[in-house]
Amino acid sequence: MVSNDQRRRQLAREKFLRQQQRRESARRKARTRNTVIASALAVVVVAGAGAFAAGAFDGKDTKDSAASKPSASPSKAADPCEKPAAGKVKSLSWKKEPALTIDKSAGYTMNLATTCGDIGIDLKTKEAPHTVNSFDFLAGKGFFDHTKCHRLTTNGIYVLQCGDPKGTGAGGPGYTIPDENLKDKSLKRNVYPAGTIAMANTGQKHTGGSQFFLVYQDSQLPPSYTPFGTISDSGIKVLKKIAAAGESTGQGDGAPNATVVIDKATVKKS
């Protein structure tokens with residue numbers, strides 16, 4: 001007999017896969033349309049390419065949002081977070097992945113100083129060098145500073161998604177990085193355990209950009225998302241505080257009610 005919890009997880013996974021299929025279909029149509037579109041619309045094409053690199057964990061598509069939004073706004077818990085630091089998101093983009101400059105034999109840590117508290121992360125340098133190198137590069141450029149964490153899931157899959165400078169699920173750094181560490185020993189029975197930080201992608205191979213998700217409770221997902229670090233216990237407490245405030249749709253997948261902004265992201269060699 002399938003338990004209610006197992007059924008919820010199954011429904012969440014099925015919904016996740018449907019979203020991926022719709023996005024891929026939309027991208028194919030967009031690519032066909034763009035071959036004949038006038039050059040005056042080149043900016044739109046570039047925006048579409050950014051959406052492609054944003055990741056499968058990039059928020060809901062328009063149809064899902066409209067279909068699942070309740071008729072009345074769900075009640076919101078009190079915001080547990082502070083006011084964001086002064087400053088604005090930088091508009092940065094690169095055409096290709098940065099050169100690999102980190103010391104692959106050394107340890108690296110990342111700290112996300114957020115409005116809700118610090119989230120410390122031990123990075124898996126040896127197992128995911130391209131991913132760690134990219135985060136070292138982007139953090140050094142201030143790419144993540146003042147960005148919102150735009151998606152929270154609280155049903156079946158338990159993650160907070162961040163790393164999009166647009167705050168919509170459609171942003172990225174302009175380049176993609178290869179998948180890594182998909183056979184990490186922590187990924188057992190298709191479960192990303194609480195305390196994992198992993199890359200978002202489009203559902204296709206090697207399409208990670210800057211968006212990532214932080215797992216605050218064991219989440220059943222296929223091993224397709226690069227796990228590249230482990231969140232500290234205090235960081236998990238911050239994530240659970242954010243999750244406790246809920247998300248905007250009342251359906252378990254939407255923008256967090258808490259004001260989650262990364263004031264400053266730093267990566268250091270340990």
# chains A, B, ... in the order shown; residues from 1 in each chain; ligands from 1
$ select_by_dssp --residues "stretch 44-259 of chain A" --states "helix (DSSP H, G or I)" --output "CSV table (one decimal) with all heavy atoms, in the first residue's frame"
chain,number,residue,atom,x,y,z
A,44,VAL,N,15.1,39.7,-27.3
A,44,VAL,CA,14.2,38.6,-26.8
A,44,VAL,C,14.8,37.2,-26.9
A,44,VAL,O,14.7,36.4,-26.1
A,44,VAL,CB,12.9,38.6,-27.6
A,44,VAL,CG1,12.0,37.5,-27.2
A,44,VAL,CG2,12.2,40.0,-27.5
A,45,VAL,N,15.6,37.0,-28.0
A,45,VAL,CA,16.3,35.7,-28.2
A,45,VAL,C,17.3,35.5,-27.1
A,45,VAL,O,17.4,34.4,-26.5
A,45,VAL,CB,17.0,35.7,-29.6
A,45,VAL,CG1,17.8,34.4,-29.7
A,45,VAL,CG2,15.9,35.8,-30.7
A,46,VAL,N,18.0,36.6,-26.8
A,46,VAL,CA,19.0,36.5,-25.7
A,46,VAL,C,18.3,36.2,-24.4
A,46,VAL,O,18.8,35.4,-23.6
A,46,VAL,CB,19.8,37.8,-25.6
A,46,VAL,CG1,20.7,37.8,-24.4
A,46,VAL,CG2,20.7,38.0,-26.8
A,47,ALA,N,17.2,36.8,-24.1
A,47,ALA,CA,16.5,36.6,-22.9
A,47,ALA,C,16.0,35.1,-22.8
A,47,ALA,O,16.1,34.5,-21.8
A,47,ALA,CB,15.3,37.5,-22.8
A,48,GLY,N,15.6,34.6,-24.0
A,48,GLY,CA,15.2,33.2,-24.0
A,48,GLY,C,16.3,32.2,-23.7
A,48,GLY,O,16.1,31.2,-23.0
A,49,ALA,N,17.5,32.6,-24.2
A,49,ALA,CA,18.7,31.8,-23.9
A,49,ALA,C,19.0,31.8,-22.4
A,49,ALA,O,19.4,30.8,-21.9
A,49,ALA,CB,19.9,32.3,-24.7
A,50,GLY,N,18.8,32.9,-21.8
A,50,GLY,CA,19.0,33.0,-20.3
A,50,GLY,C,18.1,32.1,-19.6
A,50,GLY,O,18.4,31.4,-18.6
A,51,ALA,N,16.8,32.0,-20.1
A,51,ALA,CA,15.8,31.2,-19.4
A,51,ALA,C,16.2,29.7,-19.6
A,51,ALA,O,16.0,28.9,-18.7
A,51,ALA,CB,14.4,31.4,-20.1
A,52,PHE,N,16.8,29.3,-20.7
A,52,PHE,CA,17.2,28.0,-21.0
A,52,PHE,C,18.2,27.5,-20.0
A,52,PHE,O,18.2,26.4,-19.5
A,52,PHE,CB,17.7,27.8,-22.4
A,52,PHE,CG,18.2,26.5,-22.7
A,52,PHE,CD1,17.4,25.5,-23.2
A,52,PHE,CD2,19.6,26.1,-22.6
A,52,PHE,CE1,17.8,24.2,-23.4
A,52,PHE,CE2,20.0,24.9,-22.9
A,52,PHE,CZ,19.2,23.9,-23.3
A,62,THR,N,4.1,29.6,-16.6
A,62,THR,CA,2.9,30.4,-16.4
A,62,THR,C,1.6,29.5,-16.3
A,62,THR,O,0.8,29.8,-15.4
A,62,THR,CB,2.7,31.2,-17.7
A,62,THR,OG1,3.9,32.0,-17.8
A,62,THR,CG2,1.5,32.2,-17.6
A,63,LYS,N,1.5,28.4,-17.0
A,63,LYS,CA,0.3,27.6,-16.9
A,63,LYS,C,0.1,27.0,-15.5
A,63,LYS,O,-0.9,27.0,-15.0
A,63,LYS,CB,0.3,26.5,-18.0
A,63,LYS,CG,0.2,27.0,-19.4
A,63,LYS,CD,0.2,25.8,-20.4
A,63,LYS,CE,0.0,26.3,-21.8
A,63,LYS,NZ,0.0,25.2,-22.7
A,64,ASP,N,1.2,26.5,-15.0
A,64,ASP,CA,1.2,25.9,-13.6
A,64,ASP,C,0.8,26.9,-12.6
A,64,ASP,O,0.0,26.6,-11.7
A,64,ASP,CB,2.5,25.2,-13.3
A,64,ASP,CG,2.6,23.8,-13.9
A,64,ASP,OD1,1.6,23.3,-14.4
A,64,ASP,OD2,3.7,23.3,-13.8
A,65,SER,N,1.4,28.1,-12.7
A,65,SER,CA,1.1,29.1,-11.7
A,65,SER,C,-0.4,29.5,-11.7
A,65,SER,O,-1.0,29.7,-10.7
A,65,SER,CB,2.0,30.4,-12.0
A,65,SER,OG,3.3,30.1,-11.9
A,66,ALA,N,-0.9,29.7,-12.9
A,66,ALA,CA,-2.3,30.1,-13.0
A,66,ALA,C,-3.2,29.0,-12.6
A,66,ALA,O,-4.3,29.2,-11.9
A,66,ALA,CB,-2.6,30.4,-14.5
A,67,ALA,N,-2.9,27.7,-12.9
A,67,ALA,CA,-3.8,26.6,-12.5
A,67,ALA,C,-3.8,26.3,-11.1
A,67,ALA,O,-4.8,25.9,-10.5
A,67,ALA,CB,-3.3,25.4,-13.3
A,68,SER,N,-2.6,26.5,-10.4
A,68,SER,CA,-2.5,26.0,-9.0
A,68,SER,C,-2.8,27.2,-8.0
A,68,SER,O,-2.9,26.9,-6.8
A,68,SER,CB,-1.1,25.5,-8.8
A,68,SER,OG,-0.1,26.5,-9.0
A,129,PRO,N,35.0,20.1,-9.2
A,129,PRO,CA,35.9,21.3,-9.4
A,129,PRO,C,35.3,22.4,-10.3
A,129,PRO,O,35.5,23.6,-10.0
A,129,PRO,CB,37.1,20.6,-10.0
A,129,PRO,CG,36.7,19.4,-10.6
A,129,PRO,CD,35.6,18.9,-9.7
A,130,HIS,N,34.6,22.0,-11.3
A,130,HIS,CA,34.1,23.0,-12.2
A,130,HIS,C,33.0,23.9,-11.5
A,130,HIS,O,32.9,25.1,-11.7
A,130,HIS,CB,33.5,22.4,-13.5
A,130,HIS,CG,34.5,21.9,-14.5
A,130,HIS,ND1,35.0,22.7,-15.5
A,130,HIS,CD2,35.1,20.7,-14.5
A,130,HIS,CE1,35.9,22.0,-16.1
A,130,HIS,NE2,36.0,20.8,-15.6
A,131,THR,N,32.2,23.2,-10.8
A,131,THR,CA,31.1,23.9,-10.0
A,131,THR,C,31.7,24.8,-9.0
A,131,THR,O,31.3,26.0,-8.9
A,131,THR,CB,30.1,22.9,-9.4
A,131,THR,OG1,29.7,21.9,-10.4
A,131,THR,CG2,28.9,23.6,-8.8
A,132,VAL,N,32.6,24.3,-8.2
A,132,VAL,CA,33.2,25.1,-7.1
A,132,VAL,C,34.0,26.3,-7.7
A,132,VAL,O,33.9,27.4,-7.2
A,132,VAL,CB,34.1,24.2,-6.2
A,132,VAL,CG1,34.9,25.1,-5.2
A,132,VAL,CG2,33.3,23.2,-5.5
A,133,ASN,N,34.7,26.0,-8.8
A,133,ASN,CA,35.4,27.1,-9.5
A,133,ASN,C,34.5,28.2,-10.0
A,133,ASN,O,34.8,29.4,-9.9
A,133,ASN,CB,36.2,26.5,-10.7
A,133,ASN,CG,37.1,27.5,-11.4
A,133,ASN,OD1,38.1,28.0,-10.8
A,133,ASN,ND2,36.7,28.0,-12.5
A,134,SER,N,33.3,27.8,-10.5
A,134,SER,CA,32.3,28.7,-11.0
A,134,SER,C,31.8,29.6,-9.9
A,134,SER,O,31.7,30.8,-10.0
A,134,SER,CB,31.2,28.0,-11.7
A,134,SER,OG,30.2,28.9,-12.2
A,135,PHE,N,31.5,29.0,-8.7
A,135,PHE,CA,31.0,29.7,-7.6
A,135,PHE,C,32.1,30.6,-7.0
A,135,PHE,O,31.8,31.8,-6.6
A,135,PHE,CB,30.4,28.8,-6.5
A,135,PHE,CG,29.0,28.4,-6.8
A,135,PHE,CD1,28.6,27.5,-7.7
A,135,PHE,CD2,28.0,29.0,-6.0
A,135,PHE,CE1,27.3,27.2,-8.0
A,135,PHE,CE2,26.7,28.8,-6.3
A,135,PHE,CZ,26.3,27.8,-7.2
A,136,ASP,N,33.3,30.2,-7.0
A,136,ASP,CA,34.4,31.0,-6.6
A,136,ASP,C,34.5,32.3,-7.5
A,136,ASP,O,34.6,33.4,-7.0
A,136,ASP,CB,35.7,30.3,-6.6
A,136,ASP,CG,36.9,31.1,-6.1
A,136,ASP,OD1,36.8,31.6,-5.0
A,136,ASP,OD2,37.9,31.1,-6.9
A,137,PHE,N,34.4,32.1,-8.8
A,137,PHE,CA,34.5,33.2,-9.7
A,137,PHE,C,33.3,34.1,-9.6
A,137,PHE,O,33.5,35.3,-9.4
A,137,PHE,CB,34.5,32.6,-11.1
A,137,PHE,CG,34.3,33.6,-12.2
A,137,PHE,CD1,35.4,34.3,-12.7
A,137,PHE,CD2,33.1,33.8,-12.9
A,137,PHE,CE1,35.3,35.3,-13.7
A,137,PHE,CE2,33.0,34.7,-13.9
A,137,PHE,CZ,34.1,35.5,-14.3
A,138,LEU,N,32.1,33.6,-9.5
A,138,LEU,CA,30.9,34.4,-9.5
A,138,LEU,C,30.8,35.2,-8.1
A,138,LEU,O,30.4,36.4,-8.1
A,138,LEU,CB,29.6,33.6,-9.6
A,138,LEU,CG,29.4,32.9,-11.0
A,138,LEU,CD1,28.2,32.0,-11.0
A,138,LEU,CD2,29.3,34.0,-12.1
A,139,ALA,N,31.1,34.5,-7.0
A,139,ALA,CA,31.1,35.2,-5.7
A,139,ALA,C,32.1,36.3,-5.7
A,139,ALA,O,31.8,37.4,-5.2
A,139,ALA,CB,31.3,34.2,-4.6
A,140,GLY,N,33.3,36.1,-6.3
A,140,GLY,CA,34.3,37.1,-6.3
A,140,GLY,C,33.9,38.3,-7.1
A,140,GLY,O,34.4,39.4,-6.9
A,233,ASP,N,25.0,22.8,10.2
A,233,ASP,CA,23.8,22.6,11.0
A,233,ASP,C,23.1,24.0,11.2
A,233,ASP,O,21.8,24.0,11.2
A,233,ASP,CB,24.2,22.0,12.3
A,233,ASP,CG,24.6,20.5,12.2
A,233,ASP,OD1,24.3,19.9,11.1
A,233,ASP,OD2,25.2,20.0,13.1
A,234,SER,N,23.8,25.0,11.5
A,234,SER,CA,23.2,26.3,11.7
A,234,SER,C,22.6,26.8,10.4
A,234,SER,O,21.5,27.5,10.5
A,234,SER,CB,24.3,27.3,12.2
A,234,SER,OG,25.3,27.5,11.2
A,235,GLY,N,23.1,26.5,9.3
A,235,GLY,CA,22.5,26.8,8.0
A,235,GLY,C,21.2,26.1,7.8
A,235,GLY,O,20.2,26.7,7.2
A,236,ILE,N,21.1,24.9,8.2
A,236,ILE,CA,19.9,24.1,8.0
A,236,ILE,C,18.8,24.8,8.9
A,236,ILE,O,17.6,24.8,8.5
A,236,ILE,CB,20.1,22.6,8.4
A,236,ILE,CG1,21.0,22.0,7.3
A,236,ILE,CG2,18.7,21.9,8.4
A,236,ILE,CD1,21.3,20.5,7.6
A,237,LYS,N,19.2,25.2,10.1
A,237,LYS,CA,18.2,25.9,11.0
A,237,LYS,C,17.7,27.1,10.3
A,237,LYS,O,16.5,27.4,10.4
A,237,LYS,CB,18.9,26.3,12.3
A,237,LYS,CG,19.2,25.0,13.2
A,237,LYS,CD,19.8,25.5,14.5
A,237,LYS,CE,20.1,24.3,15.4
A,237,LYS,NZ,20.8,24.7,16.6
A,238,VAL,N,18.5,27.9,9.6
A,238,VAL,CA,18.0,29.1,8.9
A,238,VAL,C,17.0,28.7,7.8
A,238,VAL,O,16.0,29.3,7.6
A,238,VAL,CB,19.2,29.8,8.2
A,238,VAL,CG1,18.8,30.9,7.3
A,238,VAL,CG2,20.1,30.4,9.3
A,239,LEU,N,17.4,27.6,7.1
A,239,LEU,CA,16.5,27.1,6.0
A,239,LEU,C,15.1,26.7,6.6
A,239,LEU,O,14.1,27.0,6.0
A,239,LEU,CB,17.1,26.0,5.2
A,239,LEU,CG,18.4,26.3,4.4
A,239,LEU,CD1,19.0,25.1,3.9
A,239,LEU,CD2,18.0,27.3,3.3
A,240,LYS,N,15.1,26.0,7.7
A,240,LYS,CA,13.9,25.5,8.3
A,240,LYS,C,13.1,26.7,8.8
A,240,LYS,O,11.8,26.7,8.7
A,240,LYS,CB,14.2,24.6,9.4
A,240,LYS,CG,14.7,23.2,8.9
A,240,LYS,CD,14.8,22.2,10.0
A,240,LYS,CE,15.2,20.8,9.4
A,240,LYS,NZ,15.3,19.8,10.5
A,241,LYS,N,13.7,27.8,9.2
A,241,LYS,CA,13.0,29.0,9.6
A,241,LYS,C,12.3,29.6,8.4
A,241,LYS,O,11.1,30.0,8.5
A,241,LYS,CB,14.0,30.0,10.2
A,241,LYS,CG,13.4,31.3,10.6
A,241,LYS,CD,14.4,32.2,11.3
A,241,LYS,CE,15.5,32.7,10.5
A,241,LYS,NZ,16.4,33.7,11.1
A,242,ILE,N,13.0,29.6,7.3
A,242,ILE,CA,12.4,30.1,6.0
A,242,ILE,C,11.2,29.3,5.6
A,242,ILE,O,10.2,29.8,5.2
A,242,ILE,CB,13.5,30.2,4.9
A,242,ILE,CG1,14.6,31.2,5.3
A,242,ILE,CG2,12.9,30.5,3.6
A,242,ILE,CD1,15.8,31.1,4.4
A,243,ALA,N,11.4,28.0,5.7
A,243,ALA,CA,10.4,27.0,5.2
A,243,ALA,C,9.1,27.2,6.1
A,243,ALA,O,8.0,27.1,5.6
A,243,ALA,CB,10.9,25.6,5.3
A,244,ALA,N,9.3,27.4,7.4
A,244,ALA,CA,8.2,27.5,8.3
A,244,ALA,C,7.3,28.7,8.0
A,244,ALA,O,6.1,28.7,8.3
A,244,ALA,CB,8.8,27.6,9.8
$ closest_atom_pairs --of "stretch 93-205 of chain A" --to "stretch 216-223 of chain A" --cutoff "7 Å" --atoms "only C-alpha atoms" --output "CSV"
residue,atom,partner,partner_atom,distance
A:Gly156,CA,A:Ser219,CA,6.8
A:Ile157,CA,A:Ser219,CA,4.8
A:Tyr158,CA,A:Gln217,CA,5.5
A:Val159,CA,A:Tyr216,CA,6.0
A:Leu182,CA,A:Pro223,CA,5.8
A:Asn190,CA,A:Pro222,CA,5.2
A:Val191,CA,A:Gln220,CA,4.2
A:Tyr192,CA,A:Ser219,CA,5.2
A:Pro193,CA,A:Asp218,CA,4.3
A:Ala194,CA,A:Gln217,CA,4.3
A:Gly195,CA,A:Tyr216,CA,5.9
$ residues_around --residues "A:Pro256" --least-positions-apart "5" --cutoff "8 Å" --atoms "only C-alpha atoms" --output "PyMOL selection string"
chain A and resi 149-152+242-243+245-248
$ write_last_selection --atoms "C-alpha atoms" --output "short mmCIF file (atom, residue, chain, number, x, y, z; two decimals), in the first residue's frame"
data_model
loop_
_atom_site.label_atom_id
_atom_site.label_comp_id
_atom_site.auth_asym_id
_atom_site.auth_seq_id
_atom_site.Cartn_x
_atom_site.Cartn_y
_atom_site.Cartn_z
CA CYS A 149 16.00 33.32 -3.32
CA HIS A 150 12.98 33.01 -5.57
CA ARG A 151 11.53 29.55 -4.98
CA LEU A 152 10.56 27.45 -1.97
CA ILE A 242 12.42 30.14 6.04
CA ALA A 243 10.36 27.04 5.24
CA ALA A 245 7.06 30.86 6.99
CA GLY A 246 5.64 29.08 3.94
CA GLU A 247 5.41 30.01 0.28
CA SER A 248 3.18 32.35 -1.69
#
$ atom_distance --atom1 "atom CA of A:Arg189" --atom2 "atom CA of A:Cys162"
25.3 Å
$ atom_distance --atom1 "atom CA of A:Leu100" --atom2 "atom CA of A:Glu127"
13.9 Å
